[in-house]
$ cat data.cif   # mmCIF, N, CA, C and O atoms
data_entry
#
loop_
_atom_site.group_PDB
_atom_site.id
_atom_site.type_symbol
_atom_site.label_atom_id
_atom_site.label_comp_id
_atom_site.auth_asym_id
_atom_site.auth_seq_id
_atom_site.Cartn_x
_atom_site.Cartn_y
_atom_site.Cartn_z
ATOM 1 N N MET A 1 58.218 -5.781 91.711
ATOM 2 C CA MET A 1 58.863 -4.755 90.947
ATOM 3 C C MET A 1 59.961 -5.350 90.071
ATOM 4 O O MET A 1 60.109 -4.939 88.927
ATOM 5 N N LEU A 2 60.706 -6.258 90.624
ATOM 6 C CA LEU A 2 61.768 -6.889 89.836
ATOM 7 C C LEU A 2 61.187 -7.684 88.675
ATOM 8 O O LEU A 2 61.771 -7.714 87.594
ATOM 9 N N GLU A 3 60.025 -8.308 88.900
ATOM 10 C CA GLU A 3 59.380 -9.075 87.835
ATOM 11 C C GLU A 3 58.939 -8.185 86.680
ATOM 12 O O GLU A 3 58.776 -8.637 85.560
ATOM 13 N N GLN A 4 58.744 -6.900 86.950
ATOM 14 C CA GLN A 4 58.346 -5.936 85.919
ATOM 15 C C GLN A 4 59.557 -5.172 85.381
ATOM 16 O O GLN A 4 59.420 -4.135 84.749
ATOM 17 N N ASN A 5 60.745 -5.683 85.661
ATOM 18 C CA ASN A 5 62.011 -5.088 85.209
ATOM 19 C C ASN A 5 62.205 -3.659 85.695
ATOM 20 O O ASN A 5 62.811 -2.835 85.005
ATOM 21 N N GLU A 6 61.701 -3.358 86.873
ATOM 22 C CA GLU A 6 61.921 -2.056 87.487
ATOM 23 C C GLU A 6 63.278 -2.078 88.193
ATOM 24 O O GLU A 6 63.654 -3.066 88.809
ATOM 25 N N ALA A 7 64.002 -0.980 88.096
ATOM 26 C CA ALA A 7 65.267 -0.870 88.826
ATOM 27 C C ALA A 7 64.950 -0.687 90.310
ATOM 28 O O ALA A 7 64.066 0.087 90.676
ATOM 29 N N VAL A 8 65.654 -1.405 91.156
ATOM 30 C CA VAL A 8 65.411 -1.357 92.595
ATOM 31 C C VAL A 8 66.732 -1.108 93.311
ATOM 32 O O VAL A 8 67.741 -1.743 93.013
ATOM 33 N N GLU A 9 66.699 -0.172 94.251
ATOM 34 C CA GLU A 9 67.870 0.091 95.080
ATOM 35 C C GLU A 9 67.424 0.074 96.534
ATOM 36 O O GLU A 9 66.515 0.813 96.927
ATOM 37 N N ASP A 10 68.028 -0.776 97.331
ATOM 38 C CA ASP A 10 67.698 -0.898 98.752
ATOM 39 C C ASP A 10 68.544 0.108 99.527
ATOM 40 O O ASP A 10 69.763 0.023 99.535
ATOM 41 N N LEU A 11 67.898 1.072 100.170
ATOM 42 C CA LEU A 11 68.618 2.094 100.926
ATOM 43 C C LEU A 11 68.604 1.818 102.427
ATOM 44 O O LEU A 11 68.988 2.667 103.212
ATOM 45 N N GLY A 12 68.174 0.627 102.790
ATOM 46 C CA GLY A 12 68.118 0.256 104.207
ATOM 47 C C GLY A 12 69.401 -0.392 104.671
ATOM 48 O O GLY A 12 70.411 -0.430 103.967
ATOM 49 N N ASN A 13 69.362 -0.910 105.871
ATOM 50 C CA ASN A 13 70.514 -1.578 106.458
ATOM 51 C C ASN A 13 70.555 -3.032 106.014
ATOM 52 O O ASN A 13 69.522 -3.641 105.764
ATOM 53 N N ASN A 14 71.738 -3.600 105.921
ATOM 54 C CA ASN A 14 71.909 -4.996 105.507
ATOM 55 C C ASN A 14 71.915 -5.962 106.682
ATOM 56 O O ASN A 14 71.900 -7.165 106.479
ATOM 57 N N GLN A 15 71.969 -5.437 107.893
ATOM 58 C CA GLN A 15 71.979 -6.295 109.070
ATOM 59 C C GLN A 15 71.269 -5.596 110.226
ATOM 60 O O GLN A 15 71.160 -4.372 110.235
ATOM 61 N N LEU A 16 70.782 -6.383 111.173
ATOM 62 C CA LEU A 16 70.077 -5.836 112.321
ATOM 63 C C LEU A 16 71.035 -5.052 113.205
ATOM 64 O O LEU A 16 72.093 -5.550 113.589
ATOM 65 N N ASP A 17 70.693 -3.835 113.488
ATOM 66 C CA ASP A 17 71.457 -2.987 114.402
ATOM 67 C C ASP A 17 70.453 -2.318 115.331
ATOM 68 O O ASP A 17 69.702 -1.444 114.893
ATOM 69 N N PRO A 18 70.427 -2.700 116.603
ATOM 70 C CA PRO A 18 69.452 -2.136 117.542
ATOM 71 C C PRO A 18 69.547 -0.615 117.682
ATOM 72 O O PRO A 18 68.610 0.027 118.124
ATOM 73 N N ASN A 19 70.670 -0.039 117.301
ATOM 74 C CA ASN A 19 70.857 1.406 117.415
ATOM 75 C C ASN A 19 70.412 2.168 116.176
ATOM 76 O O ASN A 19 70.528 3.392 116.130
ATOM 77 N N ASP A 20 69.947 1.465 115.149
ATOM 78 C CA ASP A 20 69.459 2.135 113.941
ATOM 79 C C ASP A 20 68.255 3.013 114.281
ATOM 80 O O ASP A 20 67.463 2.698 115.160
ATOM 81 N N ASP A 21 68.124 4.072 113.536
ATOM 82 C CA ASP A 21 66.963 4.949 113.668
ATOM 83 C C ASP A 21 66.245 4.942 112.324
ATOM 84 O O ASP A 21 66.819 5.344 111.305
ATOM 85 N N PHE A 22 65.000 4.487 112.301
ATOM 86 C CA PHE A 22 64.264 4.353 111.043
ATOM 87 C C PHE A 22 64.192 5.671 110.287
ATOM 88 O O PHE A 22 64.109 5.695 109.072
ATOM 89 N N VAL A 23 64.239 6.771 111.005
ATOM 90 C CA VAL A 23 64.166 8.092 110.372
ATOM 91 C C VAL A 23 65.302 8.275 109.360
ATOM 92 O O VAL A 23 65.105 8.848 108.291
ATOM 93 N N ASP A 24 66.463 7.772 109.678
ATOM 94 C CA ASP A 24 67.614 7.900 108.772
ATOM 95 C C ASP A 24 67.355 7.215 107.438
ATOM 96 O O ASP A 24 67.705 7.750 106.383
ATOM 97 N N PHE A 25 66.739 6.061 107.465
ATOM 98 C CA PHE A 25 66.474 5.327 106.229
ATOM 99 C C PHE A 25 65.338 5.969 105.432
ATOM 100 O O PHE A 25 65.393 6.023 104.202
ATOM 101 N N GLY A 26 64.335 6.464 106.118
ATOM 102 C CA GLY A 26 63.262 7.193 105.441
ATOM 103 C C GLY A 26 63.782 8.449 104.772
ATOM 104 O O GLY A 26 63.382 8.793 103.654
ATOM 105 N N ALA A 27 64.716 9.124 105.430
ATOM 106 C CA ALA A 27 65.303 10.340 104.868
ATOM 107 C C ALA A 27 66.131 10.021 103.625
ATOM 108 O O ALA A 27 66.117 10.781 102.654
ATOM 109 N N LYS A 28 66.842 8.895 103.625
ATOM 110 C CA LYS A 28 67.626 8.501 102.439
ATOM 111 C C LYS A 28 66.724 8.323 101.220
ATOM 112 O O LYS A 28 67.041 8.770 100.116
ATOM 113 N N VAL A 29 65.612 7.663 101.419
ATOM 114 C CA VAL A 29 64.672 7.438 100.318
ATOM 115 C C VAL A 29 64.080 8.770 99.854
ATOM 116 O O VAL A 29 64.025 9.062 98.663
ATOM 117 N N ALA A 30 63.664 9.600 100.806
ATOM 118 C CA ALA A 30 63.064 10.887 100.461
ATOM 119 C C ALA A 30 64.052 11.794 99.736
ATOM 120 O O ALA A 30 63.678 12.501 98.806
ATOM 121 N N GLU A 31 65.313 11.769 100.139
ATOM 122 C CA GLU A 31 66.339 12.563 99.454
ATOM 123 C C GLU A 31 66.464 12.139 97.995
ATOM 124 O O GLU A 31 66.569 12.977 97.102
ATOM 125 N N ALA A 32 66.470 10.842 97.760
ATOM 126 C CA ALA A 32 66.587 10.331 96.392
ATOM 127 C C ALA A 32 65.375 10.732 95.546
ATOM 128 O O ALA A 32 65.525 11.165 94.405
ATOM 129 N N VAL A 33 64.183 10.623 96.113
ATOM 130 C CA VAL A 33 62.972 11.002 95.387
ATOM 131 C C VAL A 33 62.983 12.502 95.113
ATOM 132 O O VAL A 33 62.693 12.944 94.001
ATOM 133 N N SER A 34 63.348 13.286 96.105
ATOM 134 C CA SER A 34 63.384 14.738 95.960
ATOM 135 C C SER A 34 64.389 15.170 94.891
ATOM 136 O O SER A 34 64.176 16.160 94.192
ATOM 137 N N ALA A 35 65.460 14.403 94.736
ATOM 138 C CA ALA A 35 66.490 14.710 93.738
ATOM 139 C C ALA A 35 66.113 14.219 92.350
ATOM 140 O O ALA A 35 66.898 14.349 91.410
ATOM 141 N N GLY A 36 64.933 13.616 92.206
ATOM 142 C CA GLY A 36 64.468 13.158 90.903
ATOM 143 C C GLY A 36 65.033 11.824 90.469
ATOM 144 O O GLY A 36 65.021 11.483 89.292
ATOM 145 N N LYS A 37 65.499 11.026 91.431
ATOM 146 C CA LYS A 37 66.104 9.735 91.102
ATOM 147 C C LYS A 37 65.099 8.600 90.992
ATOM 148 O O LYS A 37 65.475 7.444 90.885
ATOM 149 N N GLY A 38 63.815 8.921 91.042
ATOM 150 C CA GLY A 38 62.791 7.882 90.899
ATOM 151 C C GLY A 38 61.770 7.947 92.006
ATOM 152 O O GLY A 38 61.638 8.942 92.707
ATOM 153 N N LYS A 39 61.054 6.856 92.157
ATOM 154 C CA LYS A 39 60.016 6.732 93.174
ATOM 155 C C LYS A 39 60.586 5.977 94.361
ATOM 156 O O LYS A 39 61.611 5.314 94.243
ATOM 157 N N GLY A 40 59.896 6.048 95.477
ATOM 158 C CA GLY A 40 60.381 5.352 96.659
ATOM 159 C C GLY A 40 59.273 4.673 97.420
ATOM 160 O O GLY A 40 58.123 5.103 97.388
ATOM 161 N N ILE A 41 59.644 3.610 98.098
ATOM 162 C CA ILE A 41 58.727 2.895 98.987
ATOM 163 C C ILE A 41 59.437 2.733 100.322
ATOM 164 O O ILE A 41 60.587 2.290 100.361
ATOM 165 N N VAL A 42 58.759 3.102 101.393
ATOM 166 C CA VAL A 42 59.297 2.878 102.733
ATOM 167 C C VAL A 42 58.270 2.065 103.512
ATOM 168 O O VAL A 42 57.064 2.198 103.302
ATOM 169 N N PHE A 43 58.746 1.227 104.381
ATOM 170 C CA PHE A 43 57.871 0.387 105.188
ATOM 171 C C PHE A 43 58.013 0.781 106.649
ATOM 172 O O PHE A 43 59.127 0.915 107.149
ATOM 173 N N CYS A 44 56.873 0.964 107.305
ATOM 174 C CA CYS A 44 56.887 1.419 108.688
ATOM 175 C C CYS A 44 55.570 1.028 109.345
ATOM 176 O O CYS A 44 54.533 1.025 108.683
ATOM 177 N N GLY A 45 55.597 0.743 110.603
ATOM 178 C CA GLY A 45 54.383 0.374 111.309
ATOM 179 C C GLY A 45 53.739 1.518 112.063
ATOM 180 O O GLY A 45 52.615 1.407 112.537
ATOM 181 N N SER A 46 54.428 2.647 112.180
ATOM 182 C CA SER A 46 53.904 3.743 112.997
ATOM 183 C C SER A 46 53.505 4.977 112.204
ATOM 184 O O SER A 46 52.866 5.873 112.747
ATOM 185 N N GLY A 47 53.901 5.067 110.960
ATOM 186 C CA GLY A 47 53.632 6.266 110.165
ATOM 187 C C GLY A 47 54.755 7.278 110.209
ATOM 188 O O GLY A 47 54.702 8.318 109.549
ATOM 189 N N GLY A 48 55.777 7.002 110.983
ATOM 190 C CA GLY A 48 56.906 7.922 111.113
ATOM 191 C C GLY A 48 57.666 8.145 109.829
ATOM 192 O O GLY A 48 58.180 9.240 109.570
ATOM 193 N N MET A 49 57.756 7.121 109.002
ATOM 194 C CA MET A 49 58.468 7.255 107.725
ATOM 195 C C MET A 49 57.787 8.293 106.842
ATOM 196 O O MET A 49 58.458 9.099 106.200
ATOM 197 N N ALA A 50 56.466 8.278 106.784
ATOM 198 C CA ALA A 50 55.735 9.251 105.974
ATOM 199 C C ALA A 50 55.951 10.656 106.519
ATOM 200 O O ALA A 50 56.121 11.608 105.752
ATOM 201 N N LEU A 51 55.967 10.803 107.825
ATOM 202 C CA LEU A 51 56.203 12.116 108.425
ATOM 203 C C LEU A 51 57.567 12.664 108.021
ATOM 204 O O LEU A 51 57.708 13.833 107.669
ATOM 205 N N VAL A 52 58.576 11.819 108.087
ATOM 206 C CA VAL A 52 59.932 12.231 107.712
ATOM 207 C C VAL A 52 60.003 12.549 106.223
ATOM 208 O O VAL A 52 60.521 13.592 105.819
ATOM 209 N N ALA A 53 59.482 11.662 105.399
ATOM 210 C CA ALA A 53 59.581 11.828 103.945
ATOM 211 C C ALA A 53 58.894 13.101 103.470
ATOM 212 O O ALA A 53 59.384 13.781 102.570
ATOM 213 N N ASN A 54 57.784 13.459 104.084
ATOM 214 C CA ASN A 54 57.030 14.639 103.664
ATOM 215 C C ASN A 54 57.737 15.951 103.970
ATOM 216 O O ASN A 54 57.309 17.009 103.527
ATOM 217 N N LYS A 55 58.822 15.903 104.672
ATOM 218 C CA LYS A 55 59.599 17.111 104.952
ATOM 219 C C LYS A 55 60.502 17.489 103.779
ATOM 220 O O LYS A 55 61.101 18.553 103.769
ATOM 221 N N PHE A 56 60.593 16.612 102.784
ATOM 222 C CA PHE A 56 61.465 16.852 101.634
ATOM 223 C C PHE A 56 60.661 17.433 100.474
ATOM 224 O O PHE A 56 59.548 16.989 100.189
ATOM 225 N N LYS A 57 61.244 18.411 99.803
ATOM 226 C CA LYS A 57 60.581 19.097 98.695
ATOM 227 C C LYS A 57 60.202 18.103 97.593
ATOM 228 O O LYS A 57 61.023 17.297 97.154
ATOM 229 N N GLY A 58 58.943 18.172 97.164
ATOM 230 C CA GLY A 58 58.458 17.344 96.074
ATOM 231 C C GLY A 58 58.090 15.928 96.452
ATOM 232 O O GLY A 58 57.727 15.129 95.597
ATOM 233 N N VAL A 59 58.167 15.595 97.723
ATOM 234 C CA VAL A 59 57.858 14.240 98.178
ATOM 235 C C VAL A 59 56.484 14.243 98.837
ATOM 236 O O VAL A 59 56.174 15.110 99.648
ATOM 237 N N ARG A 60 55.652 13.272 98.459
ATOM 238 C CA ARG A 60 54.340 13.083 99.068
ATOM 239 C C ARG A 60 54.247 11.642 99.519
ATOM 240 O O ARG A 60 54.175 10.732 98.702
ATOM 241 N N ALA A 61 54.294 11.441 100.818
ATOM 242 C CA ALA A 61 54.250 10.092 101.371
ATOM 243 C C ALA A 61 52.999 9.926 102.231
ATOM 244 O O ALA A 61 52.577 10.865 102.900
ATOM 245 N N VAL A 62 52.416 8.757 102.191
ATOM 246 C CA VAL A 62 51.222 8.449 102.976
ATOM 247 C C VAL A 62 51.345 7.045 103.557
ATOM 248 O O VAL A 62 52.103 6.216 103.070
ATOM 249 N N GLU A 63 50.581 6.812 104.607
ATOM 250 C CA GLU A 63 50.473 5.472 105.168
ATOM 251 C C GLU A 63 49.396 4.705 104.414
ATOM 252 O O GLU A 63 48.330 5.252 104.152
ATOM 253 N N CYS A 64 49.663 3.483 104.077
ATOM 254 C CA CYS A 64 48.661 2.637 103.425
ATOM 255 C C CYS A 64 48.616 1.301 104.144
ATOM 256 O O CYS A 64 49.545 0.509 104.044
ATOM 257 N N TRP A 65 47.552 1.092 104.877
ATOM 258 C CA TRP A 65 47.389 -0.152 105.625
ATOM 259 C C TRP A 65 46.591 -1.191 104.852
ATOM 260 O O TRP A 65 46.492 -2.333 105.272
ATOM 261 N N HIS A 66 46.031 -0.791 103.729
ATOM 262 C CA HIS A 66 45.168 -1.690 102.985
ATOM 263 C C HIS A 66 45.303 -1.376 101.503
ATOM 264 O O HIS A 66 45.533 -0.231 101.115
ATOM 265 N N GLU A 67 45.146 -2.375 100.668
ATOM 266 C CA GLU A 67 45.267 -2.187 99.217
ATOM 267 C C GLU A 67 44.280 -1.145 98.684
ATOM 268 O O GLU A 67 44.616 -0.349 97.812
ATOM 269 N N LEU A 68 43.080 -1.118 99.229
ATOM 270 C CA LEU A 68 42.092 -0.139 98.781
ATOM 271 C C LEU A 68 42.538 1.285 99.123
ATOM 272 O O LEU A 68 42.392 2.199 98.325
ATOM 273 N N ALA A 69 43.122 1.466 100.303
ATOM 274 C CA ALA A 69 43.618 2.790 100.693
ATOM 275 C C ALA A 69 44.707 3.240 99.729
ATOM 276 O O ALA A 69 44.739 4.395 99.306
ATOM 277 N N GLN A 70 45.593 2.342 99.365
ATOM 278 C CA GLN A 70 46.657 2.678 98.421
ATOM 279 C C GLN A 70 46.065 3.084 97.088
ATOM 280 O O GLN A 70 46.468 4.084 96.501
ATOM 281 N N PHE A 71 45.088 2.348 96.613
ATOM 282 C CA PHE A 71 44.451 2.657 95.334
ATOM 283 C C PHE A 71 43.802 4.034 95.366
ATOM 284 O O PHE A 71 43.988 4.845 94.470
ATOM 285 N N MET A 72 43.042 4.308 96.424
ATOM 286 C CA MET A 72 42.342 5.578 96.538
ATOM 287 C C MET A 72 43.313 6.745 96.654
ATOM 288 O O MET A 72 43.143 7.779 96.014
ATOM 289 N N LEU A 73 44.354 6.582 97.454
ATOM 290 C CA LEU A 73 45.331 7.656 97.625
ATOM 291 C C LEU A 73 46.078 7.933 96.326
ATOM 292 O O LEU A 73 46.278 9.084 95.944
ATOM 293 N N LYS A 74 46.475 6.884 95.642
ATOM 294 C CA LYS A 74 47.204 7.063 94.398
ATOM 295 C C LYS A 74 46.354 7.825 93.374
ATOM 296 O O LYS A 74 46.833 8.730 92.707
ATOM 297 N N ASN A 75 45.095 7.473 93.273
ATOM 298 C CA ASN A 75 44.222 8.119 92.299
ATOM 299 C C ASN A 75 43.796 9.522 92.728
ATOM 300 O O ASN A 75 43.652 10.412 91.894
ATOM 301 N N THR A 76 43.635 9.744 94.015
ATOM 302 C CA THR A 76 43.243 11.060 94.507
ATOM 303 C C THR A 76 44.390 12.053 94.406
ATOM 304 O O THR A 76 44.209 13.197 94.025
ATOM 305 N N MET A 77 45.600 11.605 94.730
ATOM 306 C CA MET A 77 46.757 12.489 94.733
ATOM 307 C C MET A 77 47.432 12.590 93.372
ATOM 308 O O MET A 77 48.400 13.300 93.208
ATOM 309 N N ARG A 78 46.928 11.839 92.417
ATOM 310 C CA ARG A 78 47.483 11.817 91.060
ATOM 311 C C ARG A 78 48.973 11.437 91.059
ATOM 312 O O ARG A 78 49.791 12.056 90.395
ATOM 313 N N LEU A 79 49.300 10.437 91.866
ATOM 314 C CA LEU A 79 50.665 9.945 91.894
ATOM 315 C C LEU A 79 50.905 9.067 90.681
ATOM 316 O O LEU A 79 50.030 8.342 90.246
ATOM 317 N N THR A 80 52.089 9.131 90.138
ATOM 318 C CA THR A 80 52.405 8.292 88.980
ATOM 319 C C THR A 80 53.535 7.360 89.289
ATOM 320 O O THR A 80 54.275 7.551 90.189
#
$ encode --input "data.cif" --output "structure tokens"
Amino acid sequence: MLEQNEAVEDLGNNQLDPNDDFVDFGAKVAEAVSAGKGKGIVFCGSGGMALVANKFKGVRAVECWHELAQFMLKNTMRLT
């Protein structure tokens, strides 16, 4: 994204904290997307981030485990 001159803002934690809850970081990204501040990417191994993000108005989040799945979802859902 940086190579394509896209603006990037990291809404995650800067250091490891065992007490962090991934839901909080997913919600930060979803809030920004819902407010029209751009697109968001969240990384998660369980799918919980997508569940949290989809609770926000105007946000559509999905799990993508493979490049083909991402391609199909993007084209099916008409994401831009």
$ closest_residue --input "data.cif" --among "A:Met72, A:Val59, A:Leu16, A:Met1" --to "Ala30 (chain A)" --atoms "all atoms listed in the file"
A:Val59
$ resolve_selection --input "data.cif" --expression "the PyMOL selection byres (((chain A and resi 29 and name CA) around 8) and name CA)" --output "list in words"
Leu11, Phe25, Gly26, Ala27, Lys28, Ala30, Glu31, Ala32, Val33, Gly40, Ile41, Val42 and Ala53 of chain A
$ atom_distance --input "data.cif" --atom1 "atom O of Val62 (chain A)" --atom2 "atom C of Asp24 (chain A)"
15.9 Å
$ closest_residue --input "data.cif" --among "A:Asn13, A:Val8, A:Cys64, A:Asn75" --to "Cys44 (chain A)" --atoms "only C-alpha atoms"
A:Cys64
$ closest_residue --input "data.cif" --among "A:Ala7, A:Thr76, A:Phe43, A:Gly38" --to "Gly58 (chain A)" --atoms "only N, CA, C and O atoms"
A:Gly38
$ axis_aligned_box --input "data.cif" --around "region 27-44 of chain A" --padding-each-side "8 Å" --output "AutoDock Vina command-line options"
--center_x 61.1 --center_y 8.3 --center_z 99.3 --size_x 29.1 --size_y 31.8 --size_z 36.1
$ closest_residue --input "data.cif" --among "A:Glu9, A:Gly36, A:Val23, A:Leu68" --to "Gly48 (chain A)" --atoms "all atoms listed in the file"
A:Val23
$ atom_distance --input "data.cif" --atom1 "atom O of Leu73 (chain A)" --atom2 "atom C of Arg60 (chain A)"
9.1 Å
$ closest_residue --input "data.cif" --among "A:Asp10, A:Phe56, A:Leu2, A:Pro18" --to "Ser34 (chain A)" --atoms "all atoms listed in the file"
A:Phe56
$ atom_distance --input "data.cif" --atom1 "atom N of Ser46 (chain A)" --atom2 "atom N of Gln70 (chain A)"
15.6 Å
$ closest_residue --input "data.cif" --among "A:Phe71, A:Lys37, A:His66, A:Phe22" --to "Met49 (chain A)" --atoms "only N, CA, C and O atoms"
A:Phe22
$ select_by_dssp --input "data.cif" --residues "region 4-44 of chain A" --states "helix (DSSP H, G or I)" --output "tab-separated table (two decimals) with N, CA, C and O atoms, in the coordinates of the input"
chain	number	residue	atom	x	y	z
A	4	GLN	N	58.74	-6.90	86.95
A	4	GLN	CA	58.35	-5.94	85.92
A	4	GLN	C	59.56	-5.17	85.38
A	4	GLN	O	59.42	-4.14	84.75
A	22	PHE	N	65.00	4.49	112.30
A	22	PHE	CA	64.26	4.35	111.04
A	22	PHE	C	64.19	5.67	110.29
A	22	PHE	O	64.11	5.70	109.07
A	23	VAL	N	64.24	6.77	111.00
A	23	VAL	CA	64.17	8.09	110.37
A	23	VAL	C	65.30	8.28	109.36
A	23	VAL	O	65.10	8.85	108.29
A	24	ASP	N	66.46	7.77	109.68
A	24	ASP	CA	67.61	7.90	108.77
A	24	ASP	C	67.36	7.22	107.44
A	24	ASP	O	67.70	7.75	106.38
A	25	PHE	N	66.74	6.06	107.46
A	25	PHE	CA	66.47	5.33	106.23
A	25	PHE	C	65.34	5.97	105.43
A	25	PHE	O	65.39	6.02	104.20
A	26	GLY	N	64.33	6.46	106.12
A	26	GLY	CA	63.26	7.19	105.44
A	26	GLY	C	63.78	8.45	104.77
A	26	GLY	O	63.38	8.79	103.65
A	27	ALA	N	64.72	9.12	105.43
A	27	ALA	CA	65.30	10.34	104.87
A	27	ALA	C	66.13	10.02	103.62
A	27	ALA	O	66.12	10.78	102.65
A	28	LYS	N	66.84	8.90	103.62
A	28	LYS	CA	67.63	8.50	102.44
A	28	LYS	C	66.72	8.32	101.22
A	28	LYS	O	67.04	8.77	100.12
A	29	VAL	N	65.61	7.66	101.42
A	29	VAL	CA	64.67	7.44	100.32
A	29	VAL	C	64.08	8.77	99.85
A	29	VAL	O	64.03	9.06	98.66
A	30	ALA	N	63.66	9.60	100.81
A	30	ALA	CA	63.06	10.89	100.46
A	30	ALA	C	64.05	11.79	99.74
A	30	ALA	O	63.68	12.50	98.81
A	31	GLU	N	65.31	11.77	100.14
A	31	GLU	CA	66.34	12.56	99.45
A	31	GLU	C	66.46	12.14	98.00
A	31	GLU	O	66.57	12.98	97.10
A	32	ALA	N	66.47	10.84	97.76
A	32	ALA	CA	66.59	10.33	96.39
A	32	ALA	C	65.38	10.73	95.55
A	32	ALA	O	65.53	11.16	94.40
A	33	VAL	N	64.18	10.62	96.11
A	33	VAL	CA	62.97	11.00	95.39
A	33	VAL	C	62.98	12.50	95.11
A	33	VAL	O	62.69	12.94	94.00
A	34	SER	N	63.35	13.29	96.10
A	34	SER	CA	63.38	14.74	95.96
A	34	SER	C	64.39	15.17	94.89
A	34	SER	O	64.18	16.16	94.19
$ build_atoms --input "data.cif" --residues "region 29-35 of chain A" --atoms "all heavy atoms" --output "PDB file, in the coordinates of the input"
ATOM      1  N   VAL A  29      65.612   7.663 101.419  1.00  0.00           N
ATOM      2  CA  VAL A  29      64.672   7.438 100.318  1.00  0.00           C
ATOM      3  C   VAL A  29      64.080   8.770  99.854  1.00  0.00           C
ATOM      4  O   VAL A  29      64.025   9.062  98.663  1.00  0.00           O
ATOM      5  CB  VAL A  29      63.548   6.457 100.732  1.00  0.00           C
ATOM      6  CG1 VAL A  29      62.489   6.348  99.648  1.00  0.00           C
ATOM      7  CG2 VAL A  29      64.140   5.084 101.046  1.00  0.00           C
ATOM      8  N   ALA A  30      63.664   9.600 100.806  1.00  0.00           N
ATOM      9  CA  ALA A  30      63.064  10.887 100.461  1.00  0.00           C
ATOM     10  C   ALA A  30      64.052  11.794  99.736  1.00  0.00           C
ATOM     11  O   ALA A  30      63.678  12.501  98.806  1.00  0.00           O
ATOM     12  CB  ALA A  30      62.542  11.571 101.723  1.00  0.00           C
ATOM     13  N   GLU A  31      65.313  11.769 100.139  1.00  0.00           N
ATOM     14  CA  GLU A  31      66.339  12.563  99.454  1.00  0.00           C
ATOM     15  C   GLU A  31      66.464  12.139  97.995  1.00  0.00           C
ATOM     16  O   GLU A  31      66.569  12.977  97.102  1.00  0.00           O
ATOM     17  CB  GLU A  31      67.689  12.409 100.149  1.00  0.00           C
ATOM     18  CG  GLU A  31      67.811  13.169 101.447  1.00  0.00           C
ATOM     19  CD  GLU A  31      69.122  12.898 102.163  1.00  0.00           C
ATOM     20  OE1 GLU A  31      70.003  12.192 101.610  1.00  0.00           O
ATOM     21  OE2 GLU A  31      69.270  13.382 103.298  1.00  0.00           O
ATOM     22  N   ALA A  32      66.470  10.842  97.760  1.00  0.00           N
ATOM     23  CA  ALA A  32      66.587  10.331  96.392  1.00  0.00           C
ATOM     24  C   ALA A  32      65.375  10.732  95.546  1.00  0.00           C
ATOM     25  O   ALA A  32      65.525  11.165  94.405  1.00  0.00           O
ATOM     26  CB  ALA A  32      66.748   8.806  96.412  1.00  0.00           C
ATOM     27  N   VAL A  33      64.183  10.623  96.113  1.00  0.00           N
ATOM     28  CA  VAL A  33      62.972  11.002  95.387  1.00  0.00           C
ATOM     29  C   VAL A  33      62.983  12.502  95.113  1.00  0.00           C
ATOM     30  O   VAL A  33      62.693  12.944  94.001  1.00  0.00           O
ATOM     31  CB  VAL A  33      61.708  10.594  96.173  1.00  0.00           C
ATOM     32  CG1 VAL A  33      60.455  11.160  95.526  1.00  0.00           C
ATOM     33  CG2 VAL A  33      61.613   9.070  96.277  1.00  0.00           C
ATOM     34  N   SER A  34      63.348  13.286  96.105  1.00  0.00           N
ATOM     35  CA  SER A  34      63.384  14.738  95.960  1.00  0.00           C
ATOM     36  C   SER A  34      64.389  15.170  94.891  1.00  0.00           C
ATOM     37  O   SER A  34      64.176  16.160  94.192  1.00  0.00           O
ATOM     38  CB  SER A  34      63.748  15.384  97.297  1.00  0.00           C
ATOM     39  OG  SER A  34      63.717  16.786  97.214  1.00  0.00           O
ATOM     40  N   ALA A  35      65.460  14.403  94.736  1.00  0.00           N
ATOM     41  CA  ALA A  35      66.490  14.710  93.738  1.00  0.00           C
ATOM     42  C   ALA A  35      66.113  14.219  92.350  1.00  0.00           C
ATOM     43  O   ALA A  35      66.898  14.349  91.410  1.00  0.00           O
ATOM     44  CB  ALA A  35      67.823  14.101  94.171  1.00  0.00           C
TER      45      ALA A  35
END
